[in-house]
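See below for the structure under consideration.
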Amino acid sequence: MESIEKIVIEACVGSLQQSINAQQCGAGRLELCDLEDPDGTTPSEAMMRAVKEAVNIPIRVIIRPRGGDFVYSPSEIEQMKESISLARRIGMDGVVLGILTPDNHLDISAMQPLIDLAKPLHVVVHKAIDYTDDPLAEMMRLQEVAGVNGILTSGGHTTAREGAEVLRSMVANQKQIRIIVAGKVTNDNLHELVALIGASQYHGKRIVGPI
């Protein structure tokens with residue numbers, strides 16, 4: 001199990017002020033989203049640039065053109081490519097993305113051009129994986145995909161605590177991909193979840209408290 005001092009704490013933020021507050025409260029990394037949708041969509045160029053200017057910790061930006069499901073049209077995938085190119089130009093640390101097939105498997109063939117385009121940024125597959133029938137099996141498929149560095153997941157459940165058994169299995173089987181534990185992770189339950197799951201990275205909107 002990782003000691004708490006070695007844990008990467010990633011705050012999910014939706015504004016410039018939240019980004020500044022999260023850094024001041026101890027976040028080691030940001031995931032930047034437009035939080036008008038509960039699961040987040042791609043923020044504006046102005047927001048990306050403002051946050052990049054204001055903080056000095058790594059920023060990963062979500063690449064999600066709309067709310068709803070994760071099955072995207074060709075035009076939406078082109079929009080995702082444009083957002084990835086923008087994130088690279090601005091100097092983001094990484095991008096967070098995911099595409100599903102209509103039968104709820106990761107659509108790796110559709111994701112591969114986006115992964116390749118993102119290089120050399122970190123690429124994280126987001127909680128779309130939690131909408132698949134078997135997140136652990138999908139993780140094993142992803143480990144054969146060059147360029148994927150992380151998976152943001154709650155183990156197929158609403159909360160990390162509920163998905164702890166799956167998350168422990170994912171952590172035990174991770175190779176080049178690192179598991180980023182999500183799902184109602186807060187400053188109040190972080191220590192408990194570290195002890196329960198044993199991952200090295202955790203993510204949440206309230207992971208450093210109210211911001």
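Scheme for the structure tokens: letters A, B, ... for chains in order shown; per-chain residue numbers from 1; ligand numbers from 1 in order shown.
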
**Message:** What's around Gln176 of chain A at 9 Å? Count only C-alpha atoms, leave out sequence neighbours fewer than 3 positions away in its own chain, and write the answer as a ChimeraX atom specification.
**Reply:** /A:143,148-150

Take the residues that were just selected and, keeping N, CA, C and O atoms, output them as an mmCIF file, in the first residue's frame.
data_model
loop_
_atom_site.group_PDB
_atom_site.id
_atom_site.type_symbol
_atom_site.label_atom_id
_atom_site.label_comp_id
_atom_site.auth_asym_id
_atom_site.auth_seq_id
_atom_site.Cartn_x
_atom_site.Cartn_y
_atom_site.Cartn_z
ATOM 1 N N GLN A 143 -4.177 -2.111 -21.799
ATOM 2 C CA GLN A 143 -2.748 -2.258 -21.520
ATOM 3 C C GLN A 143 -1.949 -2.648 -22.755
ATOM 4 O O GLN A 143 -0.718 -2.545 -22.760
ATOM 5 N N VAL A 148 -1.464 5.046 -23.713
ATOM 6 C CA VAL A 148 -2.419 5.262 -22.623
ATOM 7 C C VAL A 148 -1.665 5.162 -21.303
ATOM 8 O O VAL A 148 -0.997 4.162 -21.031
ATOM 9 N N ASN A 149 -1.771 6.186 -20.485
ATOM 10 C CA ASN A 149 -1.009 6.256 -19.238
ATOM 11 C C ASN A 149 -1.837 6.031 -17.989
ATOM 12 O O ASN A 149 -1.295 5.691 -16.943
ATOM 13 N N GLY A 150 -3.164 6.249 -18.068
ATOM 14 C CA GLY A 150 -3.978 6.144 -16.865
ATOM 15 C C GLY A 150 -5.416 5.813 -17.175
ATOM 16 O O GLY A 150 -5.882 5.958 -18.309
#

**Request:** Once DSSP has gone over the backbone, tell me which residues of segment 80-184 of chain A are in strand (DSSP E or B), as a VMD selection string.
**Result:** chain A and resid 94 to 97 100 106 122 to 125 150 to 153 178 to 181

Mind writing the picked residues with N, CA, C and O atoms as a compact mmCIF listing (two decimals), in the first residue's frame?
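Result went into part-v5.txt, see below:
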# COMPACT_ATOMS: atom_id res chain seq x y z
N GLY A 94 -1.92 16.75 -19.86
CA GLY A 94 -2.53 15.55 -20.41
C GLY A 94 -3.97 15.79 -20.81
O GLY A 94 -4.54 16.86 -20.57
N VAL A 95 -4.56 14.76 -21.43
CA VAL A 95 -5.96 14.79 -21.83
C VAL A 95 -6.66 13.56 -21.26
O VAL A 95 -6.04 12.52 -21.04
N VAL A 96 -7.95 13.71 -21.04
CA VAL A 96 -8.77 12.66 -20.43
C VAL A 96 -9.93 12.40 -21.37
O VAL A 96 -10.72 13.31 -21.65
N LEU A 97 -10.04 11.18 -21.89
CA LEU A 97 -11.01 10.90 -22.93
C LEU A 97 -11.52 9.47 -22.85
O LEU A 97 -10.98 8.66 -22.10
N LEU A 100 -17.07 4.80 -26.34
CA LEU A 100 -17.66 3.47 -26.25
C LEU A 100 -18.30 3.06 -27.57
O LEU A 100 -18.74 3.90 -28.35
N LEU A 106 -15.09 -0.40 -24.73
CA LEU A 106 -14.24 0.70 -25.17
C LEU A 106 -13.99 0.57 -26.67
O LEU A 106 -13.65 -0.51 -27.16
N HIS A 122 0.19 13.11 -21.51
CA HIS A 122 -0.40 11.96 -20.85
C HIS A 122 -1.81 11.74 -21.38
O HIS A 122 -2.54 12.72 -21.62
N VAL A 123 -2.19 10.50 -21.55
CA VAL A 123 -3.54 10.16 -21.98
C VAL A 123 -4.19 9.30 -20.91
O VAL A 123 -3.66 8.25 -20.53
N VAL A 124 -5.34 9.76 -20.41
CA VAL A 124 -6.11 9.04 -19.41
C VAL A 124 -7.46 8.67 -20.01
O VAL A 124 -8.11 9.52 -20.62
N VAL A 125 -7.87 7.43 -19.85
CA VAL A 125 -9.22 7.01 -20.23
C VAL A 125 -10.13 7.25 -19.04
O VAL A 125 -9.88 6.77 -17.94
N GLY A 150 -3.16 6.25 -18.07
CA GLY A 150 -3.98 6.14 -16.87
C GLY A 150 -5.42 5.81 -17.17
O GLY A 150 -5.88 5.96 -18.31
N ILE A 151 -6.12 5.35 -16.14
CA ILE A 151 -7.55 5.10 -16.21
C ILE A 151 -8.20 5.74 -14.99
O ILE A 151 -7.82 5.43 -13.86
N LEU A 152 -9.14 6.62 -15.23
CA LEU A 152 -9.93 7.24 -14.16
C LEU A 152 -11.18 6.39 -13.96
O LEU A 152 -12.00 6.27 -14.88
N THR A 153 -11.35 5.80 -12.79
CA THR A 153 -12.41 4.81 -12.63
C THR A 153 -12.86 4.69 -11.18
O THR A 153 -12.08 4.91 -10.26
N ARG A 178 -1.67 3.58 -14.98
CA ARG A 178 -1.89 3.79 -13.55
C ARG A 178 -3.38 4.03 -13.30
O ARG A 178 -4.03 4.78 -14.04
N ILE A 179 -3.90 3.42 -12.27
CA ILE A 179 -5.29 3.58 -11.89
C ILE A 179 -5.44 4.87 -11.07
O ILE A 179 -4.73 5.07 -10.08
N ILE A 180 -6.37 5.72 -11.49
CA ILE A 180 -6.71 6.94 -10.76
C ILE A 180 -8.10 6.72 -10.17
O ILE A 180 -9.09 6.64 -10.90
N VAL A 181 -8.16 6.58 -8.87
CA VAL A 181 -9.41 6.21 -8.19
C VAL A 181 -10.32 7.42 -8.08
O VAL A 181 -9.93 8.48 -7.58

**Message:** For a quick check of understanding, using only C-alpha atoms, which of A:Met47, A:Gly155, A:Lys184, A:Phe70 has the smallest distance to Asp133 of chain A?
**Reply:** A:Gly155

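Using only C-alpha atoms, the nearest neighbour of Gly14 of chain A within the list A:Leu35, A:Ile90, A:Ala27, A:Ile57 is A:Leu35.
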
**Request:** Select, from A:Ile99, A:Ile63, A:Leu117, A:Ala11, the residue with the minimum atom-to-atom distance to Gly26 of chain A, counting only C-alpha atoms.
**Result:** A:Ala11

**Message:** Based on the backbone DSSP call, show me all residues of chain A assigned helix (DSSP H, G or I), as a PyMOL selection string.
**Reply:** chain A and resi 4-6+16-24+45-54+74-90+108-118+127-131+135-142+164-173+190-197

**Request:** Find the residues near Gly67 of chain A: any atom within 9 Å, counting only C-alpha atoms, skip ones fewer than 6 places away on the same chain, and give them as a VMD selection string.
**Result:** chain A and resid 37 to 41

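The environment of Pro102 of chain A within 12 Å, counting only C-alpha atoms and disregarding residues fewer than 5 places along the same chain, consists of Asp69, Phe70, Val71, Tyr72, Ser73, Asp107, Tyr131 and Thr132 of chain A.
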
Could you list, as an mmCIF file with N, CA and C atoms, in the first residue's frame, every residue within 12 Å of Ile9 of chain A, counting only C-alpha atoms and ignoring same-chain residues fewer than 4 positions away?
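Wrote it out as around-v9.cif, contents follow:
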data_model
loop_
_atom_site.group_PDB
_atom_site.id
_atom_site.type_symbol
_atom_site.label_atom_id
_atom_site.label_comp_id
_atom_site.auth_asym_id
_atom_site.auth_seq_id
_atom_site.Cartn_x
_atom_site.Cartn_y
_atom_site.Cartn_z
ATOM 1 N N ILE A 4 0.519 7.800 2.442
ATOM 2 C CA ILE A 4 -0.260 8.967 2.035
ATOM 3 C C ILE A 4 0.637 10.061 1.471
ATOM 4 N N GLU A 5 1.906 10.093 1.896
ATOM 5 C CA GLU A 5 2.805 11.137 1.408
ATOM 6 C C GLU A 5 3.123 10.966 -0.076
ATOM 7 N N ALA A 22 -7.782 24.967 -5.368
ATOM 8 C CA ALA A 22 -7.341 23.576 -5.244
ATOM 9 C C ALA A 22 -5.837 23.488 -5.070
ATOM 10 N N GLN A 23 -5.091 24.285 -5.843
ATOM 11 C CA GLN A 23 -3.636 24.285 -5.674
ATOM 12 C C GLN A 23 -3.270 24.761 -4.272
ATOM 13 N N CYS A 25 -4.925 24.478 -1.620
ATOM 14 C CA CYS A 25 -5.355 23.496 -0.615
ATOM 15 C C CYS A 25 -4.585 22.182 -0.707
ATOM 16 N N GLY A 26 -3.622 22.092 -1.617
ATOM 17 C CA GLY A 26 -2.743 20.933 -1.622
ATOM 18 C C GLY A 26 -2.902 19.959 -2.763
ATOM 19 N N ALA A 27 -3.735 20.269 -3.749
ATOM 20 C CA ALA A 27 -3.842 19.372 -4.901
ATOM 21 C C ALA A 27 -2.509 19.314 -5.637
ATOM 22 N N GLY A 28 -2.153 18.122 -6.080
ATOM 23 C CA GLY A 28 -0.923 17.961 -6.843
ATOM 24 C C GLY A 28 -1.131 18.002 -8.337
ATOM 25 N N ARG A 29 -2.406 17.941 -8.756
ATOM 26 C CA ARG A 29 -2.726 17.959 -10.177
ATOM 27 C C ARG A 29 -4.193 18.341 -10.330
ATOM 28 N N LEU A 30 -4.538 18.919 -11.476
ATOM 29 C CA LEU A 30 -5.911 19.306 -11.758
ATOM 30 C C LEU A 30 -6.446 18.526 -12.949
ATOM 31 N N GLU A 31 -7.737 18.194 -12.890
ATOM 32 C CA GLU A 31 -8.473 17.828 -14.093
ATOM 33 C C GLU A 31 -9.445 18.972 -14.345
ATOM 34 N N ILE A 57 0.861 23.630 -11.160
ATOM 35 C CA ILE A 57 0.793 22.182 -11.049
ATOM 36 C C ILE A 57 0.256 21.631 -12.369
ATOM 37 N N PRO A 58 0.476 20.342 -12.648
ATOM 38 C CA PRO A 58 0.016 19.783 -13.923
ATOM 39 C C PRO A 58 -1.500 19.890 -14.090
ATOM 40 N N ILE A 180 -6.375 5.716 -11.486
ATOM 41 C CA ILE A 180 -6.712 6.941 -10.760
ATOM 42 C C ILE A 180 -8.097 6.716 -10.167
ATOM 43 N N VAL A 181 -8.161 6.582 -8.868
ATOM 44 C CA VAL A 181 -9.408 6.213 -8.189
ATOM 45 C C VAL A 181 -10.323 7.420 -8.082
ATOM 46 N N ALA A 182 -11.572 7.251 -8.539
ATOM 47 C CA ALA A 182 -12.569 8.308 -8.486
ATOM 48 C C ALA A 182 -13.855 7.746 -7.902
ATOM 49 N N VAL A 185 -14.589 10.615 -3.864
ATOM 50 C CA VAL A 185 -13.376 10.682 -3.039
ATOM 51 C C VAL A 185 -13.270 12.094 -2.483
ATOM 52 N N THR A 186 -13.177 12.217 -1.174
ATOM 53 C CA THR A 186 -13.110 13.520 -0.522
ATOM 54 C C THR A 186 -11.936 13.576 0.450
ATOM 55 N N ASN A 187 -11.688 14.768 0.971
ATOM 56 C CA ASN A 187 -10.647 14.888 1.988
ATOM 57 C C ASN A 187 -11.004 14.110 3.256
ATOM 58 N N LEU A 190 -10.303 10.083 2.120
ATOM 59 C CA LEU A 190 -9.125 9.743 1.333
ATOM 60 C C LEU A 190 -8.240 8.712 2.040
ATOM 61 N N HIS A 191 -7.921 8.942 3.299
ATOM 62 C CA HIS A 191 -7.045 8.005 4.014
ATOM 63 C C HIS A 191 -7.660 6.613 4.051
ATOM 64 N N VAL A 194 -7.301 5.007 0.568
ATOM 65 C CA VAL A 194 -5.916 4.601 0.318
ATOM 66 C C VAL A 194 -5.637 3.257 0.988
ATOM 67 N N ALA A 199 -4.187 2.194 -4.284
ATOM 68 C CA ALA A 199 -3.709 2.884 -5.485
ATOM 69 C C ALA A 199 -2.817 4.060 -5.094
ATOM 70 N N SER A 200 -2.148 4.632 -6.093
ATOM 71 C CA SER A 200 -1.234 5.751 -5.822
ATOM 72 C C SER A 200 -1.800 7.092 -6.277
ATOM 73 N N GLN A 201 -2.998 7.089 -6.931
ATOM 74 C CA GLN A 201 -3.572 8.329 -7.433
ATOM 75 C C GLN A 201 -5.069 8.340 -7.158
ATOM 76 N N TYR A 202 -5.576 9.521 -6.714
ATOM 77 C CA TYR A 202 -6.985 9.664 -6.341
ATOM 78 C C TYR A 202 -7.508 10.989 -6.876
ATOM 79 N N HIS A 203 -8.815 11.019 -7.176
ATOM 80 C CA HIS A 203 -9.421 12.121 -7.903
ATOM 81 C C HIS A 203 -10.783 12.450 -7.308
ATOM 82 N N GLY A 204 -11.086 13.758 -7.194
ATOM 83 C CA GLY A 204 -12.413 14.122 -6.730
ATOM 84 C C GLY A 204 -12.639 15.619 -6.759
ATOM 85 N N LYS A 205 -13.899 16.014 -6.776
ATOM 86 C CA LYS A 205 -14.257 17.428 -6.747
ATOM 87 C C LYS A 205 -14.025 18.037 -5.371
ATOM 88 N N ARG A 206 -14.054 17.191 -4.330
ATOM 89 C CA ARG A 206 -13.866 17.685 -2.951
ATOM 90 C C ARG A 206 -12.690 16.980 -2.284
ATOM 91 N N ILE A 207 -11.730 16.566 -3.094
ATOM 92 C CA ILE A 207 -10.619 15.775 -2.554
ATOM 93 C C ILE A 207 -9.704 16.606 -1.653
ATOM 94 N N VAL A 208 -9.704 17.919 -1.832
ATOM 95 C CA VAL A 208 -8.958 18.794 -0.916
ATOM 96 C C VAL A 208 -9.916 19.664 -0.111
ATOM 97 N N GLY A 209 -11.176 19.212 -0.006
ATOM 98 C CA GLY A 209 -12.192 19.966 0.709
ATOM 99 C C GLY A 209 -12.965 20.876 -0.231
#

**Request:** Would you list the contacts of Leu136 of chain A as a PyMOL selection string, taking every protein, DNA or RNA residue within 12 Å and counting only C-alpha atoms, but skipping same-chain residues closer than 4 positions in sequence?
**Result:** chain A and resi 105-106+129-132+140-143+151+153-156+163+165-174+179

Create the file for the chosen residues now, containing N, CA, C and O atoms and written as a compact mmCIF listing (two decimals), in the first residue's frame.
# COMPACT_ATOMS: atom_id res chain seq x y z
N HIS A 105 -18.54 -1.41 -25.04
CA HIS A 105 -17.12 -1.74 -24.89
C HIS A 105 -16.31 -0.50 -25.24
O HIS A 105 -16.81 0.39 -25.96
N LEU A 106 -15.09 -0.40 -24.73
CA LEU A 106 -14.24 0.70 -25.17
C LEU A 106 -13.99 0.57 -26.67
O LEU A 106 -13.65 -0.51 -27.16
N ILE A 129 -15.22 3.98 -18.93
CA ILE A 129 -14.93 2.57 -18.67
C ILE A 129 -15.89 1.99 -17.63
O ILE A 129 -16.17 0.79 -17.63
N ASP A 130 -16.43 2.83 -16.76
CA ASP A 130 -17.35 2.35 -15.73
C ASP A 130 -18.73 2.02 -16.29
O ASP A 130 -19.55 1.42 -15.59
N TYR A 131 -18.98 2.38 -17.54
CA TYR A 131 -20.24 2.05 -18.19
C TYR A 131 -20.14 0.77 -19.01
O TYR A 131 -21.12 0.36 -19.64
N THR A 132 -18.98 0.14 -19.00
CA THR A 132 -18.82 -1.15 -19.66
C THR A 132 -19.23 -2.27 -18.71
O THR A 132 -19.36 -2.07 -17.50
N MET A 140 -7.52 -4.54 -19.19
CA MET A 140 -6.53 -5.45 -19.75
C MET A 140 -6.37 -5.21 -21.25
O MET A 140 -5.25 -5.29 -21.78
N ARG A 141 -7.45 -4.89 -21.94
CA ARG A 141 -7.35 -4.54 -23.36
C ARG A 141 -6.54 -3.26 -23.55
O ARG A 141 -5.70 -3.17 -24.44
N LEU A 142 -6.78 -2.29 -22.69
CA LEU A 142 -6.08 -1.01 -22.81
C LEU A 142 -4.58 -1.15 -22.59
O LEU A 142 -3.79 -0.36 -23.13
N GLN A 143 -4.18 -2.11 -21.80
CA GLN A 143 -2.75 -2.26 -21.52
C GLN A 143 -1.95 -2.65 -22.75
O GLN A 143 -0.72 -2.55 -22.76
N ILE A 151 -6.12 5.35 -16.14
CA ILE A 151 -7.55 5.10 -16.21
C ILE A 151 -8.20 5.74 -14.99
O ILE A 151 -7.82 5.43 -13.86
N THR A 153 -11.35 5.80 -12.79
CA THR A 153 -12.41 4.81 -12.63
C THR A 153 -12.86 4.69 -11.18
O THR A 153 -12.08 4.91 -10.26
N SER A 154 -14.12 4.32 -11.02
CA SER A 154 -14.64 3.94 -9.71
C SER A 154 -14.98 2.45 -9.68
O SER A 154 -15.81 2.01 -8.89
N GLY A 155 -14.34 1.68 -10.58
CA GLY A 155 -14.52 0.24 -10.56
C GLY A 155 -15.88 -0.22 -11.03
O GLY A 155 -16.34 -1.31 -10.66
N GLY A 156 -16.55 0.59 -11.85
CA GLY A 156 -17.85 0.21 -12.36
C GLY A 156 -19.01 0.52 -11.44
O GLY A 156 -20.14 0.14 -11.71
N GLY A 163 -16.91 0.26 -5.37
CA GLY A 163 -16.11 -0.43 -6.39
C GLY A 163 -14.76 -0.90 -5.91
O GLY A 163 -13.91 -1.31 -6.72
N GLU A 165 -13.47 -3.57 -4.53
CA GLU A 165 -12.96 -4.89 -4.90
C GLU A 165 -12.43 -4.89 -6.33
O GLU A 165 -11.33 -5.40 -6.61
N VAL A 166 -13.19 -4.30 -7.25
CA VAL A 166 -12.74 -4.21 -8.64
C VAL A 166 -11.51 -3.32 -8.74
O VAL A 166 -10.54 -3.63 -9.44
N LEU A 167 -11.52 -2.21 -8.03
CA LEU A 167 -10.38 -1.29 -8.07
C LEU A 167 -9.11 -1.97 -7.55
O LEU A 167 -8.03 -1.78 -8.13
N ARG A 168 -9.22 -2.76 -6.50
CA ARG A 168 -8.04 -3.48 -6.00
C ARG A 168 -7.49 -4.42 -7.07
O ARG A 168 -6.27 -4.55 -7.25
N SER A 169 -8.39 -5.08 -7.79
CA SER A 169 -7.95 -5.98 -8.86
C SER A 169 -7.29 -5.20 -10.00
O SER A 169 -6.28 -5.64 -10.57
N MET A 170 -7.83 -4.05 -10.30
CA MET A 170 -7.24 -3.22 -11.35
C MET A 170 -5.84 -2.75 -10.94
O MET A 170 -4.90 -2.79 -11.74
N VAL A 171 -5.71 -2.31 -9.70
CA VAL A 171 -4.39 -1.88 -9.21
C VAL A 171 -3.40 -3.03 -9.25
O VAL A 171 -2.24 -2.86 -9.65
N ALA A 172 -3.83 -4.21 -8.86
CA ALA A 172 -2.94 -5.38 -8.84
C ALA A 172 -2.47 -5.77 -10.23
O ALA A 172 -1.39 -6.36 -10.38
N ASN A 173 -3.26 -5.43 -11.26
CA ASN A 173 -2.93 -5.83 -12.62
C ASN A 173 -2.39 -4.69 -13.48
O ASN A 173 -2.14 -4.89 -14.66
N GLN A 174 -2.19 -3.52 -12.89
CA GLN A 174 -1.72 -2.39 -13.70
C GLN A 174 -0.26 -2.58 -14.09
O GLN A 174 0.54 -3.12 -13.32
N ILE A 179 -3.90 3.42 -12.27
CA ILE A 179 -5.29 3.58 -11.89
C ILE A 179 -5.44 4.87 -11.07
O ILE A 179 -4.73 5.07 -10.08

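Compared by their closest atoms to Asp34 of chain A, and using only C-alpha atoms, the residues A:Val61, A:Ala50, A:Met111, A:Asn56 rank with A:Val61 nearest.
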
**Request:** Write out as an MDAnalysis selection string each polymer residue whose atoms come within 8 Å of Val55 of chain A, counting only C-alpha atoms; drop sequence neighbours fewer than 4 positions from it.
**Result:** chainID A and resid 19:20 23 51

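For the pair atom CA of Asn21 of chain A and atom CA of Arg49 of chain A, the interatomic distance is 16.8 Å.
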
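For the choices A:Pro210, A:Gly183, A:Pro43, A:Gly198, the atom-to-atom distance to Ile62 of chain A is smallest for A:Pro43 when using only C-alpha atoms.
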